[in-house]
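The next block is upload-v2.txt, given as compact mmCIF, N, CA and C atoms and all ligand atoms.
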```txt
# COMPACT_ATOMS: atom_id res chain seq x y z
N MET H 1 275.32 -34.49 52.14
CA MET H 1 275.22 -33.12 51.66
C MET H 1 273.85 -32.87 51.04
N ILE H 2 273.45 -33.82 50.21
CA ILE H 2 272.20 -33.60 49.47
C ILE H 2 271.02 -33.46 50.42
N LYS H 3 271.10 -34.06 51.61
CA LYS H 3 269.93 -33.99 52.49
C LYS H 3 269.76 -32.60 53.11
N TYR H 4 270.76 -31.74 53.07
CA TYR H 4 270.60 -30.37 53.59
C TYR H 4 270.02 -29.42 52.55
N LEU H 5 270.03 -29.85 51.32
CA LEU H 5 269.61 -28.97 50.24
C LEU H 5 268.20 -28.40 50.41
N PRO H 6 267.23 -29.20 50.87
CA PRO H 6 265.88 -28.64 50.99
C PRO H 6 265.81 -27.44 51.92
N PHE H 7 266.79 -27.26 52.81
CA PHE H 7 266.74 -26.13 53.74
C PHE H 7 267.31 -24.86 53.15
N ALA H 8 268.02 -24.97 52.05
CA ALA H 8 268.67 -23.79 51.49
C ALA H 8 267.70 -22.65 51.21
N PRO H 9 266.55 -22.90 50.62
CA PRO H 9 265.63 -21.76 50.35
C PRO H 9 265.20 -21.07 51.63
N LEU H 10 265.04 -21.79 52.72
CA LEU H 10 264.64 -21.17 53.99
C LEU H 10 265.72 -20.22 54.48
N VAL H 11 266.97 -20.68 54.42
CA VAL H 11 268.08 -19.84 54.87
C VAL H 11 268.16 -18.59 54.02
N LEU H 12 267.99 -18.76 52.74
CA LEU H 12 268.06 -17.62 51.82
C LEU H 12 266.94 -16.63 52.14
N ALA H 13 265.74 -17.14 52.36
CA ALA H 13 264.60 -16.26 52.65
C ALA H 13 264.86 -15.47 53.94
N ALA H 14 265.44 -16.11 54.95
CA ALA H 14 265.72 -15.43 56.20
C ALA H 14 266.75 -14.32 55.97
N ALA H 15 267.76 -14.61 55.16
CA ALA H 15 268.79 -13.61 54.88
C ALA H 15 268.20 -12.41 54.15
N ILE H 16 267.30 -12.68 53.21
CA ILE H 16 266.70 -11.59 52.44
C ILE H 16 265.83 -10.73 53.35
N SER H 17 265.02 -11.34 54.21
CA SER H 17 264.14 -10.52 55.02
C SER H 17 264.94 -9.72 56.05
N ALA H 18 266.06 -10.25 56.53
CA ALA H 18 266.90 -9.48 57.45
C ALA H 18 267.47 -8.26 56.73
N ALA H 19 267.90 -8.45 55.49
CA ALA H 19 268.46 -7.33 54.73
C ALA H 19 267.39 -6.29 54.46
N ALA H 20 266.18 -6.74 54.15
CA ALA H 20 265.10 -5.80 53.87
C ALA H 20 264.78 -4.97 55.11
N ALA H 21 264.79 -5.60 56.28
CA ALA H 21 264.50 -4.87 57.50
C ALA H 21 265.56 -3.78 57.74
N GLN H 22 266.81 -4.09 57.46
CA GLN H 22 267.88 -3.11 57.66
C GLN H 22 267.77 -1.95 56.68
N ASP H 23 267.24 -2.24 55.49
CA ASP H 23 267.14 -1.18 54.49
C ASP H 23 266.00 -0.22 54.78
N ALA H 24 265.16 -0.53 55.76
CA ALA H 24 263.99 0.28 56.01
C ALA H 24 264.36 1.55 56.78
N THR H 25 265.35 2.27 56.29
CA THR H 25 265.73 3.54 56.91
C THR H 25 264.64 4.57 56.62
N PRO H 26 264.13 5.24 57.65
CA PRO H 26 263.06 6.20 57.41
C PRO H 26 263.51 7.31 56.45
N ASP H 27 262.64 7.70 55.58
CA ASP H 27 262.95 8.74 54.61
C ASP H 27 262.45 10.08 55.15
N LEU H 28 263.38 10.89 55.68
CA LEU H 28 262.99 12.16 56.29
C LEU H 28 262.75 13.25 55.25
N SER H 29 263.08 12.98 53.99
CA SER H 29 263.01 14.04 52.99
C SER H 29 261.58 14.55 52.79
N LEU H 30 260.60 13.74 53.15
CA LEU H 30 259.20 14.15 52.99
C LEU H 30 258.69 14.96 54.17
N LEU H 31 259.53 15.09 55.21
CA LEU H 31 259.07 15.74 56.44
C LEU H 31 259.65 17.13 56.56
N PRO H 32 258.81 18.16 56.67
CA PRO H 32 259.32 19.52 56.85
C PRO H 32 260.02 19.67 58.20
N ALA H 33 260.95 20.62 58.29
CA ALA H 33 261.67 20.85 59.53
C ALA H 33 260.72 21.27 60.63
N GLY H 34 261.04 20.87 61.85
CA GLY H 34 260.22 21.28 62.98
C GLY H 34 260.39 20.27 64.10
N PRO H 35 259.99 20.67 65.33
CA PRO H 35 260.11 19.75 66.45
C PRO H 35 259.30 18.48 66.19
N GLY H 36 259.93 17.33 66.32
CA GLY H 36 259.23 16.08 66.12
C GLY H 36 259.54 15.40 64.80
N ARG H 37 260.26 16.10 63.93
CA ARG H 37 260.54 15.53 62.60
C ARG H 37 261.25 14.18 62.70
N GLU H 38 262.36 14.16 63.45
CA GLU H 38 263.12 12.91 63.56
C GLU H 38 262.30 11.82 64.26
N LEU H 39 261.52 12.28 65.24
CA LEU H 39 260.71 11.32 65.99
C LEU H 39 259.67 10.66 65.08
N VAL H 40 259.01 11.47 64.26
CA VAL H 40 258.03 10.92 63.32
C VAL H 40 258.73 9.96 62.36
N GLY H 41 259.90 10.36 61.89
CA GLY H 41 260.65 9.48 60.98
C GLY H 41 260.97 8.15 61.64
N ALA H 42 261.37 8.21 62.91
CA ALA H 42 261.79 7.00 63.61
C ALA H 42 260.59 6.13 63.99
N LYS H 43 259.50 6.77 64.41
CA LYS H 43 258.36 6.01 64.95
C LYS H 43 257.35 5.62 63.88
N CYS H 44 257.28 6.40 62.82
CA CYS H 44 256.20 6.19 61.85
C CYS H 44 256.72 5.74 60.49
N GLY H 45 258.03 5.55 60.37
CA GLY H 45 258.58 5.16 59.07
C GLY H 45 259.17 3.77 59.08
N THR H 46 258.83 2.98 60.08
CA THR H 46 259.45 1.65 60.16
C THR H 46 258.56 0.58 59.54
N CYS H 47 257.28 0.57 59.87
CA CYS H 47 256.39 -0.48 59.35
C CYS H 47 255.99 -0.19 57.91
N HIS H 48 255.88 1.09 57.58
CA HIS H 48 255.48 1.47 56.22
C HIS H 48 256.24 2.74 55.87
N ALA H 49 256.17 3.11 54.61
CA ALA H 49 256.86 4.32 54.17
C ALA H 49 256.25 5.55 54.83
N ILE H 50 257.09 6.56 55.02
CA ILE H 50 256.60 7.84 55.52
C ILE H 50 255.55 8.41 54.57
N ALA H 51 255.67 8.07 53.30
CA ALA H 51 254.70 8.58 52.31
C ALA H 51 253.27 8.17 52.68
N ILE H 52 253.11 7.01 53.31
CA ILE H 52 251.77 6.58 53.75
C ILE H 52 251.21 7.58 54.76
N VAL H 53 252.10 8.11 55.60
CA VAL H 53 251.66 9.04 56.64
C VAL H 53 251.38 10.41 56.03
N VAL H 54 252.33 10.94 55.31
CA VAL H 54 252.23 12.34 54.88
C VAL H 54 251.39 12.50 53.61
N GLY H 55 250.90 11.39 53.09
CA GLY H 55 249.94 11.49 52.00
C GLY H 55 248.57 11.91 52.51
N GLN H 56 248.45 12.06 53.82
CA GLN H 56 247.16 12.36 54.41
C GLN H 56 247.15 13.75 55.03
N ARG H 57 245.95 14.34 55.09
CA ARG H 57 245.73 15.62 55.77
C ARG H 57 244.68 15.40 56.83
N ARG H 58 245.02 15.70 58.07
CA ARG H 58 244.08 15.53 59.17
C ARG H 58 244.31 16.66 60.17
N ASP H 59 243.29 16.96 60.96
CA ASP H 59 243.54 17.86 62.07
C ASP H 59 244.15 17.05 63.22
N ARG H 60 244.56 17.78 64.26
CA ARG H 60 245.30 17.09 65.32
C ARG H 60 244.49 15.95 65.93
N ALA H 61 243.19 16.17 66.18
CA ALA H 61 242.37 15.13 66.81
C ALA H 61 242.34 13.88 65.92
N ALA H 62 242.25 14.09 64.62
CA ALA H 62 242.20 12.95 63.71
C ALA H 62 243.57 12.25 63.64
N TRP H 63 244.64 13.04 63.76
CA TRP H 63 245.97 12.41 63.82
C TRP H 63 246.11 11.56 65.07
N GLU H 64 245.53 12.08 66.17
CA GLU H 64 245.61 11.28 67.40
C GLU H 64 244.90 9.94 67.21
N GLN H 65 243.77 9.96 66.50
CA GLN H 65 243.08 8.69 66.22
C GLN H 65 243.97 7.77 65.40
N ALA H 66 244.68 8.36 64.43
CA ALA H 66 245.57 7.54 63.59
C ALA H 66 246.68 6.94 64.45
N ILE H 67 247.26 7.76 65.34
CA ILE H 67 248.34 7.25 66.20
C ILE H 67 247.80 6.15 67.11
N ASP H 68 246.58 6.36 67.63
CA ASP H 68 245.97 5.31 68.46
C ASP H 68 245.87 4.00 67.67
N GLN H 69 245.43 4.11 66.41
CA GLN H 69 245.33 2.90 65.57
C GLN H 69 246.69 2.24 65.41
N MET H 70 247.73 3.07 65.22
CA MET H 70 249.07 2.50 64.99
C MET H 70 249.60 1.83 66.27
N ILE H 71 249.26 2.42 67.42
CA ILE H 71 249.65 1.77 68.67
C ILE H 71 248.95 0.41 68.76
N GLY H 72 247.70 0.36 68.33
CA GLY H 72 246.97 -0.90 68.28
C GLY H 72 247.62 -1.91 67.35
N ARG H 73 248.34 -1.39 66.35
CA ARG H 73 249.03 -2.27 65.40
C ARG H 73 250.44 -2.60 65.86
N GLY H 74 250.87 -2.01 66.97
CA GLY H 74 252.17 -2.38 67.51
C GLY H 74 253.19 -1.25 67.60
N ALA H 75 252.82 -0.02 67.22
CA ALA H 75 253.75 1.10 67.34
C ALA H 75 254.02 1.38 68.82
N GLU H 76 255.27 1.66 69.15
CA GLU H 76 255.63 1.94 70.54
C GLU H 76 255.89 3.42 70.70
N VAL H 77 254.97 4.10 71.37
CA VAL H 77 255.01 5.56 71.48
C VAL H 77 254.72 5.93 72.93
N SER H 78 255.66 6.64 73.57
CA SER H 78 255.41 7.08 74.95
C SER H 78 254.43 8.26 74.94
N ASP H 79 253.94 8.64 76.13
CA ASP H 79 252.99 9.75 76.20
C ASP H 79 253.59 11.04 75.65
N ALA H 80 254.85 11.30 76.01
CA ALA H 80 255.50 12.53 75.53
C ALA H 80 255.69 12.48 74.02
N GLU H 81 256.08 11.32 73.52
CA GLU H 81 256.27 11.17 72.07
C GLU H 81 254.93 11.32 71.35
N TYR H 82 253.89 10.80 71.94
CA TYR H 82 252.55 10.90 71.37
C TYR H 82 252.19 12.36 71.13
N ASP H 83 252.40 13.20 72.16
CA ASP H 83 252.07 14.63 72.04
C ASP H 83 252.90 15.29 70.96
N THR H 84 254.20 14.97 70.93
CA THR H 84 255.08 15.59 69.95
C THR H 84 254.67 15.21 68.54
N ILE H 85 254.37 13.93 68.34
CA ILE H 85 253.99 13.45 67.01
C ILE H 85 252.65 14.06 66.58
N ALA H 86 251.69 14.08 67.51
CA ALA H 86 250.37 14.64 67.17
C ALA H 86 250.49 16.12 66.83
N ALA H 87 251.32 16.86 67.59
CA ALA H 87 251.49 18.29 67.32
C ALA H 87 252.18 18.50 65.98
N TYR H 88 253.20 17.69 65.71
CA TYR H 88 253.94 17.84 64.45
C TYR H 88 253.02 17.58 63.25
N LEU H 89 252.33 16.45 63.29
CA LEU H 89 251.48 16.09 62.15
C LEU H 89 250.30 17.05 62.03
N GLY H 90 249.73 17.45 63.19
CA GLY H 90 248.60 18.37 63.17
C GLY H 90 248.98 19.75 62.67
N THR H 91 250.27 20.11 62.80
CA THR H 91 250.74 21.40 62.32
C THR H 91 251.09 21.35 60.83
N HIS H 92 251.88 20.35 60.45
CA HIS H 92 252.42 20.32 59.08
C HIS H 92 251.53 19.59 58.09
N PHE H 93 250.65 18.73 58.60
CA PHE H 93 249.79 17.97 57.69
C PHE H 93 248.33 18.14 58.09
N ALA H 94 247.96 19.40 58.26
CA ALA H 94 246.58 19.74 58.57
C ALA H 94 245.78 19.83 57.27
N PRO H 95 244.46 19.74 57.34
CA PRO H 95 243.62 19.81 56.14
C PRO H 95 243.79 21.13 55.40
C1 LIG F 101 253.89 -1.48 64.16
C2 LIG F 101 253.80 -1.06 62.76
C3 LIG F 101 253.37 0.38 62.50
C4 LIG F 101 253.92 1.54 62.98
C5 LIG F 101 255.12 1.67 63.91
C6 LIG F 101 253.17 2.62 62.40
N1 LIG F 101 252.20 2.13 61.55
FE1 LIG F 101 250.92 3.23 60.40
N2 LIG F 101 250.21 1.53 59.56
C7 LIG F 101 250.54 0.25 59.94
C8 LIG F 101 249.77 -0.70 59.14
C9 LIG F 101 249.87 -2.22 59.25
C10 LIG F 101 248.96 0.07 58.28
C11 LIG F 101 247.95 -0.44 57.27
C12 LIG F 101 248.61 -1.07 56.09
C13 LIG F 101 249.21 -0.09 55.18
O1 LIG F 101 248.51 0.83 54.72
O2 LIG F 101 250.42 -0.22 54.86
C14 LIG F 101 249.28 1.47 58.55
C15 LIG F 101 248.71 2.54 57.89
C16 LIG F 101 248.85 3.88 58.25
C17 LIG F 101 248.14 4.98 57.66
C18 LIG F 101 247.18 4.91 56.49
C19 LIG F 101 245.96 4.08 56.74
C20 LIG F 101 244.97 4.71 57.66
O3 LIG F 101 244.60 4.07 58.68
O4 LIG F 101 244.50 5.83 57.36
C21 LIG F 101 248.51 6.11 58.33
C22 LIG F 101 248.02 7.53 58.12
C23 LIG F 101 249.49 5.70 59.32
N3 LIG F 101 249.68 4.34 59.23
C24 LIG F 101 250.11 6.56 60.21
C25 LIG F 101 251.11 6.19 61.10
C26 LIG F 101 251.75 7.10 62.04
C27 LIG F 101 251.42 8.58 62.19
C28 LIG F 101 252.69 6.37 62.71
C29 LIG F 101 253.64 6.87 63.81
C30 LIG F 101 252.99 7.20 65.07
C31 LIG F 101 252.61 4.99 62.22
N4 LIG F 101 251.64 4.94 61.25
C32 LIG F 101 253.41 3.95 62.68
C33 LIG F 101 251.48 -0.11 60.89
C34 LIG F 101 252.29 0.77 61.59
```

Would you kindly transcribe this structure into structure tokens?
Ligand code: HEC
Amino acid sequence: MIKYLPFAPLVLAAAISAAAAQDATPDLSLLPAGPGRELVGAKCGTCHAIAIVVGQRRDRAAWEQAIDQMIGRGAEVSDAEYDTIAAYLGTHFAP
């Protein structure tokens, strides 16, 4: 029994990180109503808080650059989703 003890912290750490991942429900309360709201919540609120996104003001072209950067970081966004997200952010979070 004692020889399994050193592995206990690893198992615990895995359990905690799984729970943290599940808790990362996107917070839509910061997003105004409009086409693309749920999509932005789903696509842009998983790796970091939505607050990171909506704390910024950019025009649409600059939002597209931000989305490009996020795709480079691993965000999965189809062409249609890209347009919807860029239009939503460029409309509601313009300078
Ligand atoms: C695969 C993970 C991932 C996804 C999905 C993601 N981001 Fe990010 N984002 C990051 C990382 C990593 C950073 C930099 C670290 C940080 O600030 O937390 C970041 C930072 C940001 C920043 C602030 C820093 C900067 O470059 O100005 C903005 C704005 C942003 N993300 C927008 C978005 C938008 C919009 C989406 C949805 C299209 C999105 N993110 C989806 C990983 C992601």

Show me as a JSON list (two decimals) with N, CA and C atoms, in the coordinates of the input the residues that reach within 12 Å of (253.1, 19.4, 67.2), counting only C-alpha atoms and using the file's own coordinates.
```
[["chain", "number", "residue", "atom", "x", "y", "z"],
["H", 33, "ALA", "N", 260.95, 20.62, 58.29],
["H", 33, "ALA", "CA", 261.67, 20.85, 59.53],
["H", 33, "ALA", "C", 260.72, 21.27, 60.63],
["H", 34, "GLY", "N", 261.04, 20.87, 61.85],
["H", 34, "GLY", "CA", 260.22, 21.28, 62.98],
["H", 34, "GLY", "C", 260.39, 20.27, 64.10],
["H", 35, "PRO", "N", 259.99, 20.67, 65.33],
["H", 35, "PRO", "CA", 260.11, 19.75, 66.45],
["H", 35, "PRO", "C", 259.30, 18.48, 66.19],
["H", 36, "GLY", "N", 259.93, 17.33, 66.32],
["H", 36, "GLY", "CA", 259.23, 16.08, 66.12],
["H", 36, "GLY", "C", 259.54, 15.40, 64.80],
["H", 37, "ARG", "N", 260.26, 16.10, 63.93],
["H", 37, "ARG", "CA", 260.54, 15.53, 62.60],
["H", 37, "ARG", "C", 261.25, 14.18, 62.70],
["H", 39, "LEU", "N", 261.52, 12.28, 65.24],
["H", 39, "LEU", "CA", 260.71, 11.32, 65.99],
["H", 39, "LEU", "C", 259.67, 10.66, 65.08],
["H", 40, "VAL", "N", 259.01, 11.47, 64.26],
["H", 40, "VAL", "CA", 258.03, 10.92, 63.32],
["H", 40, "VAL", "C", 258.73, 9.96, 62.36],
["H", 59, "ASP", "N", 243.29, 16.96, 60.96],
["H", 59, "ASP", "CA", 243.54, 17.86, 62.07],
["H", 59, "ASP", "C", 244.15, 17.05, 63.22],
["H", 60, "ARG", "N", 244.56, 17.78, 64.26],
["H", 60, "ARG", "CA", 245.30, 17.09, 65.32],
["H", 60, "ARG", "C", 244.49, 15.95, 65.93],
["H", 61, "ALA", "N", 243.19, 16.17, 66.18],
["H", 61, "ALA", "CA", 242.37, 15.13, 66.81],
["H", 61, "ALA", "C", 242.34, 13.88, 65.92],
["H", 63, "TRP", "N", 244.64, 13.04, 63.76],
["H", 63, "TRP", "CA", 245.97, 12.41, 63.82],
["H", 63, "TRP", "C", 246.11, 11.56, 65.07],
["H", 64, "GLU", "N", 245.53, 12.08, 66.17],
["H", 64, "GLU", "CA", 245.61, 11.28, 67.40],
["H", 64, "GLU", "C", 244.90, 9.94, 67.21],
["H", 80, "ALA", "N", 254.85, 11.30, 76.01],
["H", 80, "ALA", "CA", 255.50, 12.53, 75.53],
["H", 80, "ALA", "C", 255.69, 12.48, 74.02],
["H", 81, "GLU", "N", 256.08, 11.32, 73.52],
["H", 81, "GLU", "CA", 256.27, 11.17, 72.07],
["H", 81, "GLU", "C", 254.93, 11.32, 71.35],
["H", 82, "TYR", "N", 253.89, 10.80, 71.94],
["H", 82, "TYR", "CA", 252.55, 10.90, 71.37],
["H", 82, "TYR", "C", 252.19, 12.36, 71.13],
["H", 83, "ASP", "N", 252.40, 13.20, 72.16],
["H", 83, "ASP", "CA", 252.07, 14.63, 72.04],
["H", 83, "ASP", "C", 252.90, 15.29, 70.96],
["H", 84, "THR", "N", 254.20, 14.97, 70.93],
["H", 84, "THR", "CA", 255.08, 15.59, 69.95],
["H", 84, "THR", "C", 254.67, 15.21, 68.54],
["H", 85, "ILE", "N", 254.37, 13.93, 68.34],
["H", 85, "ILE", "CA", 253.99, 13.45, 67.01],
["H", 85, "ILE", "C", 252.65, 14.06, 66.58],
["H", 86, "ALA", "N", 251.69, 14.08, 67.51],
["H", 86, "ALA", "CA", 250.37, 14.64, 67.17],
["H", 86, "ALA", "C", 250.49, 16.12, 66.83],
["H", 87, "ALA", "N", 251.32, 16.86, 67.59],
["H", 87, "ALA", "CA", 251.49, 18.29, 67.32],
["H", 87, "ALA", "C", 252.18, 18.50, 65.98],
["H", 88, "TYR", "N", 253.20, 17.69, 65.71],
["H", 88, "TYR", "CA", 253.94, 17.84, 64.45],
["H", 88, "TYR", "C", 253.02, 17.58, 63.25],
["H", 89, "LEU", "N", 252.33, 16.45, 63.29],
["H", 89, "LEU", "CA", 251.48, 16.09, 62.15],
["H", 89, "LEU", "C", 250.30, 17.05, 62.03],
["H", 90, "GLY", "N", 249.73, 17.45, 63.19],
["H", 90, "GLY", "CA", 248.60, 18.37, 63.17],
["H", 90, "GLY", "C", 248.98, 19.75, 62.67],
["H", 91, "THR", "N", 250.27, 20.11, 62.80],
["H", 91, "THR", "CA", 250.74, 21.40, 62.32],
["H", 91, "THR", "C", 251.09, 21.35, 60.83],
["H", 92, "HIS", "N", 251.88, 20.35, 60.45],
["H", 92, "HIS", "CA", 252.42, 20.32, 59.08],
["H", 92, "HIS", "C", 251.53, 19.59, 58.09],
["H", 93, "PHE", "N", 250.65, 18.73, 58.60],
["H", 93, "PHE", "CA", 249.79, 17.97, 57.69],
["H", 93, "PHE", "C", 248.33, 18.14, 58.09],
["H", 94, "ALA", "N", 247.96, 19.40, 58.26],
["H", 94, "ALA", "CA", 246.58, 19.74, 58.57],
["H", 94, "ALA", "C", 245.78, 19.83, 57.27]]
```

Mind listing the residues within 5 Å of ligand LIG 101 (chain F), all atoms listed in the file counted, as a PDB file with N, CA and C atoms, keeping the file's coordinate frame?
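Contents of the output file pocket_15.pdb:
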```pdb
ATOM      1  N   LYS H  43     259.500   6.770  64.410  1.00  0.00           N
ATOM      2  CA  LYS H  43     258.360   6.010  64.950  1.00  0.00           C
ATOM      3  C   LYS H  43     257.350   5.620  63.880  1.00  0.00           C
ATOM      4  N   CYS H  44     257.280   6.400  62.820  1.00  0.00           N
ATOM      5  CA  CYS H  44     256.200   6.190  61.850  1.00  0.00           C
ATOM      6  C   CYS H  44     256.720   5.740  60.490  1.00  0.00           C
ATOM      7  N   CYS H  47     257.280   0.570  59.870  1.00  0.00           N
ATOM      8  CA  CYS H  47     256.390  -0.480  59.350  1.00  0.00           C
ATOM      9  C   CYS H  47     255.990  -0.190  57.910  1.00  0.00           C
ATOM     10  N   ILE H  52     253.110   7.010  53.310  1.00  0.00           N
ATOM     11  CA  ILE H  52     251.770   6.580  53.750  1.00  0.00           C
ATOM     12  C   ILE H  52     251.210   7.580  54.760  1.00  0.00           C
ATOM     13  N   VAL H  53     252.100   8.110  55.600  1.00  0.00           N
ATOM     14  CA  VAL H  53     251.660   9.040  56.640  1.00  0.00           C
ATOM     15  C   VAL H  53     251.380  10.410  56.030  1.00  0.00           C
ATOM     16  N   ILE H  67     247.260   7.760  65.340  1.00  0.00           N
ATOM     17  CA  ILE H  67     248.340   7.250  66.200  1.00  0.00           C
ATOM     18  C   ILE H  67     247.800   6.150  67.110  1.00  0.00           C
ATOM     19  N   MET H  70     247.730   3.070  65.220  1.00  0.00           N
ATOM     20  CA  MET H  70     249.070   2.500  64.990  1.00  0.00           C
ATOM     21  C   MET H  70     249.600   1.830  66.270  1.00  0.00           C
ATOM     22  N   ARG H  73     248.340  -1.390  66.350  1.00  0.00           N
ATOM     23  CA  ARG H  73     249.030  -2.270  65.400  1.00  0.00           C
ATOM     24  C   ARG H  73     250.440  -2.600  65.860  1.00  0.00           C
ATOM     25  N   GLY H  74     250.870  -2.010  66.970  1.00  0.00           N
ATOM     26  CA  GLY H  74     252.170  -2.380  67.510  1.00  0.00           C
ATOM     27  C   GLY H  74     253.190  -1.250  67.600  1.00  0.00           C
ATOM     28  N   ALA H  75     252.820  -0.020  67.220  1.00  0.00           N
ATOM     29  CA  ALA H  75     253.750   1.100  67.340  1.00  0.00           C
ATOM     30  C   ALA H  75     254.020   1.380  68.820  1.00  0.00           C
TER      31      ALA H  75
END
```

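Between atom CA of Ser78 of chain H and atom N of Leu31 of chain H the separation is 21.7 Å.
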
Please, what distance in Å, to one decimal, runs between atom CA of Ile71 of chain H and atom N of Arg57 of chain H?
18.9 Å

Interatomic distance (Å, one decimal) between atom C of Leu30 of chain H and atom N of Asp79 of chain H:
23.3 Å

Using only C-alpha atoms, the best pick from H:Gln69, H:Pro32, H:Val77, H:Asp27 as closest to Ala49 of chain H would be H:Asp27

Axis-aligned box for all listed atoms of segment 70-84 of chain H, 3 Å per side, centre and edges in Å to one decimal, as lines of an AutoDock Vina configuration file:
```
center_x = 251.6
center_y = 6.5
center_z = 70.6
size_x = 15.3
size_y = 24.2
size_z = 17.2
```

Mind completing segment 78-92 of chain H with N, CA, C and O atoms? Output as a tab-separated table (two decimals), keeping the file's coordinate frame, please?
```tsv
chain	number	residue	atom	x	y	z
H	78	SER	N	255.66	6.64	73.57
H	78	SER	CA	255.41	7.08	74.95
H	78	SER	C	254.43	8.26	74.94
H	78	SER	O	254.14	8.82	73.89
H	79	ASP	N	253.94	8.64	76.13
H	79	ASP	CA	252.99	9.75	76.20
H	79	ASP	C	253.59	11.04	75.65
H	79	ASP	O	252.93	11.78	74.92
H	80	ALA	N	254.85	11.30	76.01
H	80	ALA	CA	255.50	12.53	75.53
H	80	ALA	C	255.69	12.48	74.02
H	80	ALA	O	255.45	13.48	73.32
H	81	GLU	N	256.08	11.32	73.52
H	81	GLU	CA	256.27	11.17	72.07
H	81	GLU	C	254.93	11.32	71.35
H	81	GLU	O	254.86	11.92	70.27
H	82	TYR	N	253.89	10.80	71.94
H	82	TYR	CA	252.55	10.90	71.37
H	82	TYR	C	252.19	12.36	71.13
H	82	TYR	O	251.74	12.74	70.04
H	83	ASP	N	252.40	13.20	72.16
H	83	ASP	CA	252.07	14.63	72.04
H	83	ASP	C	252.90	15.29	70.96
H	83	ASP	O	252.40	16.10	70.18
H	84	THR	N	254.20	14.97	70.93
H	84	THR	CA	255.08	15.59	69.95
H	84	THR	C	254.67	15.21	68.54
H	84	THR	O	254.60	16.05	67.63
H	85	ILE	N	254.37	13.93	68.34
H	85	ILE	CA	253.99	13.45	67.01
H	85	ILE	C	252.65	14.06	66.58
H	85	ILE	O	252.50	14.54	65.45
H	86	ALA	N	251.69	14.08	67.51
H	86	ALA	CA	250.37	14.64	67.17
H	86	ALA	C	250.49	16.12	66.83
H	86	ALA	O	249.86	16.61	65.87
H	87	ALA	N	251.32	16.86	67.59
H	87	ALA	CA	251.49	18.29	67.32
H	87	ALA	C	252.18	18.50	65.98
H	87	ALA	O	251.78	19.36	65.18
H	88	TYR	N	253.20	17.69	65.71
H	88	TYR	CA	253.94	17.84	64.45
H	88	TYR	C	253.02	17.58	63.25
H	88	TYR	O	252.94	18.38	62.32
H	89	LEU	N	252.33	16.45	63.29
H	89	LEU	CA	251.48	16.09	62.15
H	89	LEU	C	250.30	17.05	62.03
H	89	LEU	O	249.92	17.45	60.93
H	90	GLY	N	249.73	17.45	63.19
H	90	GLY	CA	248.60	18.37	63.17
H	90	GLY	C	248.98	19.75	62.67
H	90	GLY	O	248.13	20.49	62.16
H	91	THR	N	250.27	20.11	62.80
H	91	THR	CA	250.74	21.40	62.32
H	91	THR	C	251.09	21.35	60.83
H	91	THR	O	250.65	22.19	60.05
H	92	HIS	N	251.88	20.35	60.45
H	92	HIS	CA	252.42	20.32	59.08
H	92	HIS	C	251.53	19.59	58.09
H	92	HIS	O	251.67	19.78	56.89
```
